[in-house]
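Chemist: My structure is stored as data01.txt, with compact mmCIF, C-alpha atoms.
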# COMPACT_ATOMS: atom_id res chain seq x y z
CA MET A 92 -134.97 -5.11 36.29
CA PRO A 93 -134.96 -8.75 37.43
CA GLN A 94 -132.84 -11.07 35.29
CA ARG A 95 -135.82 -13.10 34.13
CA TYR A 96 -137.39 -10.11 32.41
CA ARG A 97 -134.28 -9.28 30.48
CA ASP A 98 -134.21 -10.35 26.87
CA GLU A 99 -130.92 -11.57 25.50
CA LEU A 100 -130.82 -10.45 21.88
CA PRO A 101 -128.93 -12.44 19.27
CA PRO A 102 -125.40 -11.03 18.98
CA GLN A 103 -123.68 -9.83 15.84
CA PRO A 104 -121.80 -12.50 13.87
CA PRO A 105 -118.08 -12.81 14.59
CA PRO A 106 -116.19 -9.90 13.01
CA ILE A 107 -114.12 -10.67 9.92
CA VAL A 108 -111.77 -7.70 10.27
CA SER A 109 -110.28 -7.44 13.72
CA ALA A 110 -109.65 -4.10 15.40
CA GLU A 111 -105.86 -4.23 15.01
CA GLN A 112 -106.06 -5.14 11.32
CA VAL A 113 -108.13 -2.05 10.65
CA GLY A 114 -105.57 0.00 12.54
CA THR A 115 -102.61 -1.20 10.47
CA SER A 116 -104.21 -1.42 7.07
CA ASP A 117 -104.59 2.33 6.57
CA GLY A 118 -108.21 2.59 5.57
CA ALA A 119 -110.68 0.62 3.55
CA ASN A 120 -108.95 0.77 0.16
CA LEU A 121 -105.96 -1.25 1.17
CA ASP A 122 -108.30 -3.65 2.88
CA ASP A 123 -110.16 -4.20 -0.38
CA ASN A 124 -106.90 -4.96 -2.15
CA ASP A 125 -106.06 -7.60 0.42
CA ILE A 126 -109.40 -9.21 -0.19
CA GLN A 127 -109.02 -9.12 -3.97
CA LEU A 128 -105.65 -10.83 -3.73
CA SER A 129 -106.84 -13.54 -1.41
CA GLU A 130 -109.24 -14.78 -4.05
CA ASN A 131 -106.56 -16.11 -6.33
CA ARG A 132 -104.68 -18.14 -3.77
CA PRO A 133 -106.61 -21.16 -2.62
CA ASP A 134 -103.50 -22.36 -0.76
CA LEU A 135 -103.77 -19.61 1.85
CA PRO A 136 -103.71 -20.63 5.50
CA ALA A 137 -107.06 -20.84 7.24
CA PHE A 138 -108.41 -17.56 8.51
CA THR A 139 -109.84 -17.42 12.01
CA THR A 140 -112.18 -14.63 12.99
CA ASP A 141 -112.36 -12.95 16.37
CA LEU A 142 -114.87 -14.12 18.93
CA ASN A 143 -118.24 -12.39 19.09
CA SER A 144 -119.95 -11.62 22.40
CA TYR A 145 -121.17 -15.23 22.72
CA GLY A 146 -117.70 -16.66 22.20
CA VAL A 147 -118.56 -17.86 18.70
CA TYR A 148 -115.96 -17.69 15.94
CA ARG A 149 -115.47 -18.95 12.42
CA VAL A 150 -112.63 -20.65 10.61
CA TYR A 151 -112.43 -20.06 6.88
CA PRO A 152 -110.29 -22.88 5.42
CA HIS A 153 -109.07 -20.86 2.41
CA GLY A 154 -108.11 -17.55 3.93
CA ARG A 155 -110.18 -14.49 4.50
CA PRO A 156 -113.50 -14.60 2.64
CA SER A 157 -113.79 -12.24 -0.31
CA TYR A 158 -117.37 -11.42 0.62
CA THR A 159 -119.56 -11.95 3.64
CA PRO A 160 -123.10 -10.74 4.23
CA ASP A 161 -122.36 -10.28 7.93
CA GLU A 162 -122.07 -6.52 7.72
CA LEU A 163 -125.70 -6.43 6.63
CA HIS A 164 -126.78 -8.44 9.65
CA THR A 165 -129.67 -6.84 11.51
CA LEU A 166 -132.01 -8.02 14.22
CA GLN A 167 -134.81 -7.65 11.69
CA GLN A 168 -133.24 -10.41 9.59
CA VAL A 169 -133.33 -13.00 12.32
CA SER A 170 -136.76 -12.21 13.71
CA ASP A 171 -140.19 -12.42 12.23
CA SER A 172 -143.62 -12.02 13.73
CA SER A 173 -146.86 -10.55 12.52
CA THR A 174 -146.91 -8.34 15.62
CA PHE A 175 -143.52 -6.73 14.89
CA VAL A 176 -143.44 -3.22 13.56
CA LYS A 177 -141.79 -3.33 10.14
CA ASP A 178 -138.59 -1.37 9.85
CA PRO A 179 -139.31 0.88 6.88
CA SER A 180 -135.62 1.18 6.05
CA ALA A 181 -135.15 -2.60 5.86
CA SER A 182 -134.90 -3.57 2.23
CA GLU A 183 -137.54 -6.05 1.18
CA SER A 184 -135.36 -7.29 -1.62
CA ARG A 185 -137.73 -9.93 -2.87
CA THR A 186 -141.39 -9.36 -3.65
CA TRP A 187 -144.24 -11.84 -3.29
CA TRP A 188 -144.19 -12.67 -6.97
CA SER A 189 -140.42 -13.11 -7.21
CA PRO A 190 -140.51 -16.90 -6.61
CA LEU A 191 -142.21 -17.16 -10.00
CA GLY A 192 -139.76 -15.02 -11.88
CA SER A 193 -137.52 -12.05 -11.53
CA SER A 194 -139.54 -9.55 -13.46
CA LEU A 195 -143.08 -10.61 -14.14
CA VAL A 196 -143.14 -7.79 -16.65
CA GLU A 197 -146.69 -8.49 -17.64
CA LEU A 198 -147.95 -7.96 -14.12
CA ARG A 199 -146.35 -4.58 -13.79
CA GLU A 200 -147.21 -3.16 -17.17
CA ASN A 201 -150.60 -4.65 -17.61
CA TYR A 202 -151.72 -5.31 -14.08
CA PHE A 203 -155.43 -5.02 -14.88
CA ALA A 204 -155.45 -7.94 -17.34
CA PRO A 205 -157.73 -9.59 -18.31
CA PHE A 206 -159.94 -6.55 -17.77
CA LEU A 207 -159.85 -3.81 -20.36
CA ASN A 208 -158.86 -0.99 -18.04
CA ALA A 209 -157.88 -0.15 -14.49
CA SER A 210 -161.31 1.18 -13.46
CA ILE A 211 -163.08 -2.08 -14.20
CA PHE A 212 -160.24 -4.04 -12.63
CA ARG A 213 -160.60 -2.02 -9.44
CA LEU A 214 -164.35 -2.44 -9.28
CA MET A 215 -164.19 -6.18 -9.94
CA SER A 216 -161.41 -6.65 -7.45
CA TRP A 217 -163.47 -4.79 -4.84
CA PHE A 218 -166.44 -7.01 -5.66
CA TYR A 219 -164.55 -10.27 -5.33
CA GLY A 220 -162.26 -9.21 -2.49
CA GLY A 221 -163.01 -8.42 1.14
CA SER A 222 -166.24 -9.46 2.79
CA ASN A 223 -169.22 -10.68 0.84
CA LEU A 224 -171.64 -8.76 3.07
CA LYS A 225 -172.51 -5.12 2.64
CA SER A 226 -170.88 -3.22 5.49
CA LEU A 227 -169.63 0.26 6.24
CA GLY A 228 -166.10 -1.04 5.95
CA GLU A 229 -166.76 -2.43 2.50
CA LEU A 230 -168.34 0.87 1.48
CA ASP A 231 -165.20 2.68 2.62
CA ARG A 232 -163.12 0.29 0.58
CA LEU A 233 -165.30 0.97 -2.48
CA VAL A 234 -164.76 4.69 -2.17
CA ASN A 235 -161.07 4.62 -1.25
CA GLU A 236 -159.78 1.83 -3.44
CA VAL A 237 -162.04 2.24 -6.46
CA ILE A 238 -163.68 5.64 -6.82
CA LEU A 239 -160.85 7.72 -5.40
CA ALA A 240 -158.10 5.86 -7.29
CA ASN A 241 -156.09 8.00 -9.67
CA ASP A 242 -156.74 5.74 -12.62
CA PHE A 243 -160.50 5.54 -12.05
CA GLN A 244 -162.48 6.99 -14.94
CA GLN A 245 -166.22 7.19 -15.47
CA LYS A 246 -165.97 6.70 -19.21
CA ASP A 247 -164.40 3.26 -18.73
CA PHE A 248 -167.81 1.95 -17.76
CA VAL A 249 -169.69 2.76 -20.95
CA GLY A 250 -171.41 -0.47 -21.92
CA PHE A 251 -170.32 -2.24 -18.69
CA SER A 252 -171.84 -5.65 -18.04
CA ALA A 253 -171.05 -7.44 -14.80
CA SER A 254 -171.68 -10.91 -16.17
CA ARG A 255 -169.44 -10.33 -19.19
CA GLU A 256 -166.62 -9.07 -16.98
CA SER A 257 -166.85 -12.06 -14.67
CA GLU A 258 -166.84 -14.34 -17.71
CA ARG A 259 -163.66 -12.65 -18.84
CA LEU A 260 -162.08 -13.64 -15.55
CA ASP A 261 -163.16 -17.26 -15.91
CA LYS A 262 -161.77 -17.51 -19.41
CA HIS A 263 -158.48 -15.95 -18.39
CA GLU A 264 -157.99 -18.53 -15.64
CA ASP A 265 -158.35 -21.32 -18.15
CA GLY A 266 -156.05 -19.87 -20.76
CA PRO A 267 -152.80 -21.79 -21.18
CA GLY A 268 -149.80 -20.07 -19.67
CA SER A 269 -151.86 -17.07 -18.62
CA ARG A 270 -150.14 -16.83 -15.27
CA LEU A 271 -146.64 -17.97 -16.12
CA PRO A 272 -145.21 -15.57 -18.65
CA THR A 273 -142.48 -16.73 -20.99
CA GLN A 274 -140.53 -13.52 -20.35
CA ASP A 275 -139.65 -14.96 -16.97
CA GLY A 276 -138.32 -18.10 -18.54
CA TRP A 277 -141.34 -20.33 -18.09
CA ILE A 278 -141.52 -23.03 -20.69
CA GLU A 279 -144.59 -25.13 -21.27
CA THR A 280 -143.93 -28.52 -22.74
CA SER A 281 -144.95 -32.15 -22.68
CA VAL A 282 -142.83 -35.13 -21.68
CA LYS A 283 -142.97 -38.59 -23.16
CA ILE A 284 -142.97 -41.77 -21.12
CA SER A 285 -142.95 -45.35 -22.36
CA LEU A 286 -145.92 -47.49 -21.44
CA PRO A 287 -145.36 -50.99 -20.13
CA ALA A 288 -147.88 -53.83 -19.91
CA ASP A 289 -147.84 -57.16 -18.10
CA GLY A 290 -146.80 -59.99 -20.37
CA VAL A 291 -146.12 -57.77 -23.37
CA LYS A 292 -142.50 -57.79 -24.51
CA HIS A 293 -140.78 -55.12 -26.55
CA ARG A 294 -137.32 -55.35 -28.03
CA SER A 295 -136.29 -52.19 -26.23
CA GLU A 296 -137.87 -49.36 -24.27
CA ALA A 297 -137.86 -47.25 -27.41
CA ASP A 298 -140.18 -49.72 -29.10
CA ALA A 299 -142.81 -49.50 -26.38
CA PRO A 300 -145.77 -47.22 -27.09
CA GLN A 301 -145.14 -43.68 -25.95
CA PHE A 302 -147.52 -41.61 -23.91
CA SER A 303 -147.15 -37.86 -23.98
CA VAL A 304 -147.92 -36.02 -20.74
CA PRO A 305 -148.85 -32.42 -21.51
CA GLY A 306 -148.87 -29.35 -19.28
CA LEU A 307 -145.42 -29.37 -17.71
CA PHE A 308 -144.34 -25.84 -16.80
CA TYR A 309 -140.70 -25.37 -15.94
CA ARG A 310 -137.84 -22.90 -15.85
CA ARG A 311 -134.31 -23.92 -16.78
CA PRO A 312 -132.44 -24.41 -13.48
CA LEU A 313 -129.35 -22.55 -14.68
CA GLU A 314 -131.43 -19.49 -15.50
CA VAL A 315 -133.01 -19.60 -12.05
CA LEU A 316 -129.57 -19.93 -10.49
CA LYS A 317 -128.16 -17.01 -12.48
CA SER A 318 -130.98 -14.69 -11.56
CA ALA A 319 -130.85 -15.76 -7.91
CA PHE A 320 -127.15 -14.96 -7.55
CA GLN A 321 -127.38 -11.65 -9.36
CA GLU A 322 -130.48 -10.07 -7.91
CA ASP A 323 -130.37 -7.78 -4.89
CA ALA A 324 -131.30 -10.52 -2.42
CA ALA A 325 -127.95 -12.18 -3.22
CA GLU A 326 -126.30 -9.65 -0.91
CA ASN A 327 -127.18 -12.09 1.89
CA PHE A 328 -125.47 -15.07 0.22
CA HIS A 329 -122.35 -16.58 1.74
CA VAL A 330 -119.72 -17.40 -0.87
CA SER A 331 -117.23 -19.13 1.44
CA ALA A 332 -117.94 -22.22 3.48
CA HIS A 333 -116.53 -22.17 6.99
CA GLU A 334 -116.52 -24.00 10.28
CA MET A 335 -118.11 -22.40 13.31
CA PHE A 336 -116.87 -22.91 16.86
CA TRP A 337 -117.94 -21.95 20.33
CA LYS A 338 -115.50 -21.12 23.08
CA PRO A 339 -117.43 -20.14 26.21
CA SER A 340 -114.25 -19.02 28.02
CA PRO A 341 -110.64 -18.49 26.93
CA GLU A 342 -109.57 -21.76 28.62
CA SER A 343 -112.34 -24.03 27.40
CA PRO A 344 -111.79 -26.20 24.33
CA PRO A 345 -113.61 -25.06 21.20
CA GLU A 346 -116.82 -26.83 20.37
CA ARG A 347 -117.98 -27.17 16.78
CA ILE A 348 -121.35 -25.63 15.92
CA TYR A 349 -123.38 -27.22 13.18
CA SER A 350 -126.01 -24.82 12.03
CA GLU A 351 -126.11 -23.61 8.46
CA LEU A 352 -125.57 -25.48 5.23
CA TYR A 353 -122.46 -23.40 4.57
CA THR A 354 -120.97 -24.49 7.90
CA ALA A 355 -121.64 -28.18 7.19
CA ASP A 356 -118.90 -30.70 6.45
CA ALA A 357 -120.53 -31.69 3.16
CA PHE A 358 -120.38 -28.11 1.89
CA ILE A 359 -116.79 -27.65 3.05
CA ALA A 360 -115.74 -30.95 1.45
CA GLU A 361 -117.37 -29.96 -1.84
CA GLN A 362 -115.68 -26.56 -1.78
CA GLU A 363 -112.37 -28.33 -1.12
CA LYS A 364 -112.96 -30.66 -4.06
CA ILE A 365 -113.73 -27.78 -6.41
CA LYS A 366 -110.67 -25.81 -5.28
CA GLN A 367 -108.49 -28.88 -5.84
CA GLN A 368 -109.70 -29.66 -9.33
CA PRO A 369 -107.72 -28.15 -12.22
CA ARG A 370 -108.75 -24.62 -13.08
CA GLU A 371 -110.54 -23.75 -16.28
CA PRO A 372 -107.86 -22.64 -18.76
CA GLY A 373 -106.98 -19.00 -18.22
CA CYS A 374 -109.42 -18.56 -15.37
CA GLU A 375 -108.10 -17.08 -12.15
CA LEU A 376 -111.45 -16.36 -10.58
CA GLU A 377 -112.50 -17.48 -7.15
CA THR A 378 -114.53 -20.67 -7.28
CA VAL A 379 -117.77 -20.81 -5.32
CA VAL A 380 -120.21 -23.58 -4.52
CA ALA A 381 -123.76 -22.68 -5.50
CA SER A 382 -125.62 -25.00 -3.19
CA ILE A 383 -128.99 -26.12 -4.45
CA MET A 384 -131.73 -27.51 -2.29
CA LEU A 385 -134.81 -28.99 -3.86
CA TRP A 386 -138.16 -29.59 -2.34
CA SER A 387 -141.19 -31.08 -3.93
CA ASP A 388 -144.57 -32.04 -2.61
CA SER A 389 -148.18 -31.75 -3.59
CA THR A 390 -149.84 -28.65 -2.28
CA HIS A 391 -153.51 -27.93 -1.88
CA LEU A 392 -154.71 -24.57 -3.05
CA THR A 393 -158.15 -24.56 -1.50
CA SER A 394 -159.76 -25.69 1.73
CA PHE A 395 -162.71 -27.07 -0.18
CA GLY A 396 -162.47 -28.79 -3.52
CA ASN A 397 -159.33 -30.39 -4.87
CA ALA A 398 -157.41 -27.76 -6.80
CA SER A 399 -153.77 -28.61 -6.23
CA LEU A 400 -150.29 -28.11 -7.58
CA TRP A 401 -147.15 -30.25 -7.50
CA PRO A 402 -144.32 -27.71 -7.58
CA ILE A 403 -140.58 -28.27 -7.42
CA TYR A 404 -139.02 -25.55 -5.28
CA MET A 405 -135.40 -24.53 -5.45
CA PHE A 406 -133.69 -22.91 -2.46
CA PHE A 407 -130.07 -21.87 -2.04
CA GLY A 408 -127.96 -23.07 0.87
CA ASN A 409 -125.71 -20.03 0.51
CA LEU A 410 -128.47 -18.10 2.25
CA SER A 411 -128.75 -18.28 6.02
CA LYS A 412 -131.61 -20.47 7.20
CA TYR A 413 -132.81 -17.66 9.42
CA ILE A 414 -133.58 -15.60 6.35
CA ARG A 415 -134.49 -18.50 4.08
CA ALA A 416 -137.14 -19.84 6.41
CA LYS A 417 -138.94 -16.53 6.81
CA PRO A 418 -142.05 -16.58 4.63
CA THR A 419 -141.62 -12.84 4.09
CA SER A 420 -138.20 -13.33 2.49
CA PHE A 421 -139.74 -15.24 -0.45
CA ALA A 422 -136.53 -17.22 -0.78
CA ALA A 423 -138.11 -20.05 -2.76
CA HIS A 424 -137.68 -20.27 -6.49
CA HIS A 425 -140.35 -22.16 -8.35
CA LEU A 426 -138.63 -24.48 -10.77
CA ALA A 427 -141.42 -26.58 -12.21
CA TYR A 428 -145.01 -27.64 -11.86
CA ILE A 429 -145.42 -31.35 -12.35
CA PRO A 430 -148.52 -32.14 -14.38
CA LYS A 431 -151.04 -34.43 -12.83
CA VAL A 432 -150.69 -37.53 -14.83
CA CYS A 433 -151.85 -40.86 -15.29
CA LEU A 434 -154.79 -40.93 -12.94
CA LEU A 435 -156.87 -38.69 -15.14
CA ASP A 436 -155.14 -38.80 -18.48
CA LEU A 437 -154.21 -42.41 -18.68
CA PRO A 438 -156.57 -44.14 -21.00
CA GLN A 439 -157.82 -46.48 -18.30
CA PHE A 440 -160.41 -43.91 -17.39
CA HIS A 441 -161.01 -42.34 -20.74
CA TYR A 442 -161.13 -45.14 -23.24
CA MET B 139 -154.87 -45.31 -25.76
CA TYR B 140 -153.58 -47.89 -23.30
CA ARG B 141 -156.51 -50.15 -24.07
CA THR B 142 -156.18 -49.79 -27.82
CA GLU B 143 -152.47 -50.54 -27.56
CA PHE B 144 -152.57 -53.53 -25.25
CA GLY B 145 -156.24 -54.52 -25.20
CA LYS B 146 -156.52 -54.15 -21.42
CA SER B 147 -156.61 -51.49 -18.73
CA ALA B 148 -153.53 -50.25 -16.93
CA THR B 149 -152.97 -51.87 -13.54
CA ALA B 150 -152.10 -49.92 -10.39
CA ALA B 151 -148.49 -51.06 -10.74
CA VAL B 152 -148.34 -49.74 -14.27
CA LEU B 153 -149.75 -46.39 -13.16
CA THR B 154 -147.16 -46.15 -10.41
CA HIS B 155 -144.44 -46.98 -12.89
CA CYS B 156 -145.71 -44.27 -15.26
CA LYS B 157 -145.67 -41.63 -12.55
CA ARG B 158 -142.11 -42.57 -11.62
CA ASP B 159 -141.10 -42.47 -15.26
CA LEU B 160 -142.66 -39.03 -15.56
CA MET B 161 -140.55 -37.74 -12.66
CA HIS B 162 -137.41 -39.10 -14.32
CA ALA B 163 -138.43 -37.61 -17.66
CA ILE B 164 -138.90 -34.20 -16.03
CA TRP B 165 -135.49 -34.34 -14.40
CA THR B 166 -133.88 -35.42 -17.67
CA LEU B 167 -135.42 -32.27 -19.13
CA LEU B 168 -134.38 -29.99 -16.27
CA LEU B 169 -130.77 -31.15 -16.08
CA ASP B 170 -130.04 -30.16 -19.67
CA ALA B 171 -126.66 -30.01 -21.41
CA GLU B 172 -126.08 -26.40 -20.38
CA PHE B 173 -126.66 -27.22 -16.72
CA MET B 174 -124.38 -30.25 -16.84
CA HIS B 175 -121.66 -28.14 -18.47
CA ALA B 176 -121.98 -25.65 -15.61
CA TYR B 177 -121.88 -28.54 -13.12
CA VAL B 178 -118.49 -29.70 -14.45
CA HIS B 179 -116.88 -26.41 -15.49
CA GLY B 180 -118.77 -23.85 -13.39
CA ILE B 181 -120.28 -20.63 -14.66
CA VAL B 182 -118.88 -17.15 -14.22
CA MET B 183 -121.24 -14.60 -12.74
CA GLU B 184 -120.80 -11.08 -11.49
CA CYS B 185 -121.77 -10.92 -7.86
CA ILE B 186 -123.54 -8.18 -5.95
CA ASP B 187 -120.15 -6.78 -4.84
CA GLY B 188 -119.07 -6.39 -8.49
CA ILE B 189 -116.54 -9.24 -8.36
CA LEU B 190 -116.62 -12.06 -10.89
CA ARG B 191 -116.68 -15.54 -9.42
CA ARG B 192 -116.98 -19.01 -10.92
CA PHE B 193 -119.97 -20.85 -9.44
CA PHE B 194 -120.37 -24.61 -9.35
CA PRO B 195 -123.96 -25.76 -8.83
CA ARG B 196 -124.14 -28.62 -6.33
CA PHE B 197 -127.12 -30.45 -4.89
CA PHE B 198 -127.15 -30.78 -1.12
CA ILE B 199 -130.77 -31.52 -0.42
CA TYR B 200 -133.37 -33.29 -2.48
CA SER B 201 -136.45 -33.74 -0.40
CA ALA B 202 -139.47 -34.82 -2.35
CA ASP B 203 -142.72 -36.61 -2.07
CA TYR B 204 -143.09 -38.57 -5.27
CA PRO B 205 -146.32 -38.48 -7.23
CA GLU B 206 -146.16 -42.28 -7.51
CA LYS B 207 -146.76 -42.78 -3.78
Show how you would write the structure in this file as structure tokens.
Modeler:
Amino acid sequence: MPQRYRDELPPQPPPIVSAEQVGTSDGANLDDNDIQLSENRPDLPAFTTDLNSYGVYRVYPHGRPSYTPDELHTLQQVSDSSTFVKDPSASESRTWWSPLGSSLVELRENYFAPFLNASIFRLMSWFYGGSNLKSLGELDRLVNEVILANDFQQKDFVGFSASRESERLDKHEDGPGSRLPTQDGWIETSVKISLPADGVKHRSEADAPQFSVPGLFYRRPLEVLKSAFQEDAAENFHVSAHEMFWKPSPESPPERIYSELYTADAFIAEQEKIKQQPREPGCELETVVASIMLWSDSTHLTSFGNASLWPIYMFFGNLSKYIRAKPTSFAAHHLAYIPKVCLLDLPQFHY
Amino acid sequence: MYRTEFGKSATAAVLTHCKRDLMHAIWTLLLDAEFMHAYVHGIVMECIDGILRRFFPRFFIYSADYPEK
């Protein structure tokens, strides 16, 4: 095949355990012990990995890393297209609702809310979903997704009224907190701000009139962080910062590669700082930087009309950008929804 | 409320100030005492490989469009 038709696939990351090390270390158990020990000695010499097929290698400043997600590396992880066939064995560790909370218990146990039972939920969801024209395809959907469903029961429709059911939906949408359950750590609160006015002096900010902004939904960042590092998707998190180099040939000088957050100087410097600071009394555990990245911007929810949200998203820099940036990885964590303030609520328009 | 308090409407500058204050108030709420304790002393969590590690939350990116703009 001509060269130009050949596809060069991304290579595996540089190997952490070199061939000779495996040979001398007598199996995996001993290897694990080595790793365990290395955690407690931040003064270890830097550990350099072997080169991968592209001549890329890593330097871990504090010895061999205690954990690396590299063994889980697959081509699937670094590629994404709607035309790709999904690998059924690939673990989809995060679901579409996971950015909102780790469990969303309510959704699983009571998925037909606000409808009274699954049959009505199915019928209504058929009615509102799909195409709004009668078609053979829609008829198929009615039979397959509603009538043939295991939880479809004729008796559920005794006394059914379409307008009452659609009203139920409208009311549910307006209910406070209906979509952000407290079980997942969502807190609804209001925040107070002090109001200023031109030419009006107060002795201190506390003396100025306070305006309470209602409707702030948020999750406590530490709770989000804890769940993020302990759920299954955390298997892809890097715990050790490292430098990455490229050496195209054995003679050429190494060239630094800047790519991920965990290969950046800022991350390495912060890790250094944390390793240098005095340990918590009695704590011999490895210290790790949990790198937080925050994004916030207004987002429109509809093409027509002006329904919008102002979320604060939290991402983790311990996760490779190739995974993080894939929409299907659902790597975002929703931290808060900023209420729309002053424009509507501030008295200027109301009073 | 603004009018009853000050006898005049809020100016654009005041509205901008309020939106900025709101953002600060939200962050004061988010970065609570428990988070700040974890920032200084770290928190111990069991990782996916079963090993306990002490994590220090650090902010590397804060990229936001402010409501006041």
Chemist: Looking at all atoms listed in the file, which of A:Arg149, A:Lys283, A:Lys366, A:His333 is the one that sits closest to B:Lys157?
Modeler: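 Of A:Arg149, A:Lys283, A:Lys366, A:His333, the one nearest B:Lys157, counting all atoms listed in the file, is A:Lys283.
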Chemist: Chain A residues within 6 Å of chain B, counting only C-alpha atoms: which ones, as an mmCIF file with C-alpha atoms, keeping the file's coordinate frame?
Modeler:
data_model
loop_
_atom_site.group_PDB
_atom_site.id
_atom_site.type_symbol
_atom_site.label_atom_id
_atom_site.label_comp_id
_atom_site.auth_asym_id
_atom_site.auth_seq_id
_atom_site.Cartn_x
_atom_site.Cartn_y
_atom_site.Cartn_z
ATOM 1 C CA LEU A 313 -129.350 -22.550 -14.680
ATOM 2 C CA GLN A 321 -127.380 -11.650 -9.360
ATOM 3 C CA GLU A 326 -126.300 -9.650 -0.910
ATOM 4 C CA LEU A 376 -111.450 -16.360 -10.580
ATOM 5 C CA GLU A 377 -112.500 -17.480 -7.150
ATOM 6 C CA THR A 378 -114.530 -20.670 -7.280
ATOM 7 C CA VAL A 379 -117.770 -20.810 -5.320
ATOM 8 C CA VAL A 380 -120.210 -23.580 -4.520
ATOM 9 C CA ALA A 381 -123.760 -22.680 -5.500
ATOM 10 C CA SER A 382 -125.620 -25.000 -3.190
ATOM 11 C CA ILE A 383 -128.990 -26.120 -4.450
ATOM 12 C CA MET A 384 -131.730 -27.510 -2.290
ATOM 13 C CA LEU A 385 -134.810 -28.990 -3.860
ATOM 14 C CA TRP A 386 -138.160 -29.590 -2.340
ATOM 15 C CA SER A 387 -141.190 -31.080 -3.930
ATOM 16 C CA ASP A 388 -144.570 -32.040 -2.610
ATOM 17 C CA PRO A 438 -156.570 -44.140 -21.000
ATOM 18 C CA GLN A 439 -157.820 -46.480 -18.300
#
Chemist: Can you measure atom CA of A:Asp141 to atom CA of A:Gln167 for me? One decimal in Å is fine.
Modeler: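 It comes out at 23.5 Å.
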Chemist: Applying 6 Å and all atoms listed in the file, which residues near A:Gly154 remain after dropping the ones on its own chain fewer than 3 positions away? List them as an mmCIF file with C-alpha atoms, keeping the file's coordinate frame.
Modeler:
data_model
loop_
_atom_site.group_PDB
_atom_site.id
_atom_site.type_symbol
_atom_site.label_atom_id
_atom_site.label_comp_id
_atom_site.auth_asym_id
_atom_site.auth_seq_id
_atom_site.Cartn_x
_atom_site.Cartn_y
_atom_site.Cartn_z
ATOM 1 C CA LEU A 135 -103.770 -19.610 1.850
ATOM 2 C CA PRO A 136 -103.710 -20.630 5.500
ATOM 3 C CA ALA A 137 -107.060 -20.840 7.240
ATOM 4 C CA PHE A 138 -108.410 -17.560 8.510
ATOM 5 C CA TYR A 151 -112.430 -20.060 6.880
#
Chemist: Could you check which of A:Ser257, A:Asn327, A:Asn223, A:Gln301 is closest to A:Pro287, using all atoms listed in the file?
Modeler: A:Gln301
Chemist: Report, in Å to a single decimal, how far apart atom CA of A:Glu314 and atom CA of A:Ile278 are.
Modeler: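 Computing the Euclidean distance for atom CA of A:Ile278 and atom CA of A:Glu314 yields 11.9 Å.
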Chemist: If you measure from atom CA of A:Glu334 to atom CA of A:Leu100, what distance in Å do you get, rounded to one decimal?
Modeler: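 Separation between atom CA of A:Glu334 and atom CA of A:Leu100: 22.9 Å.
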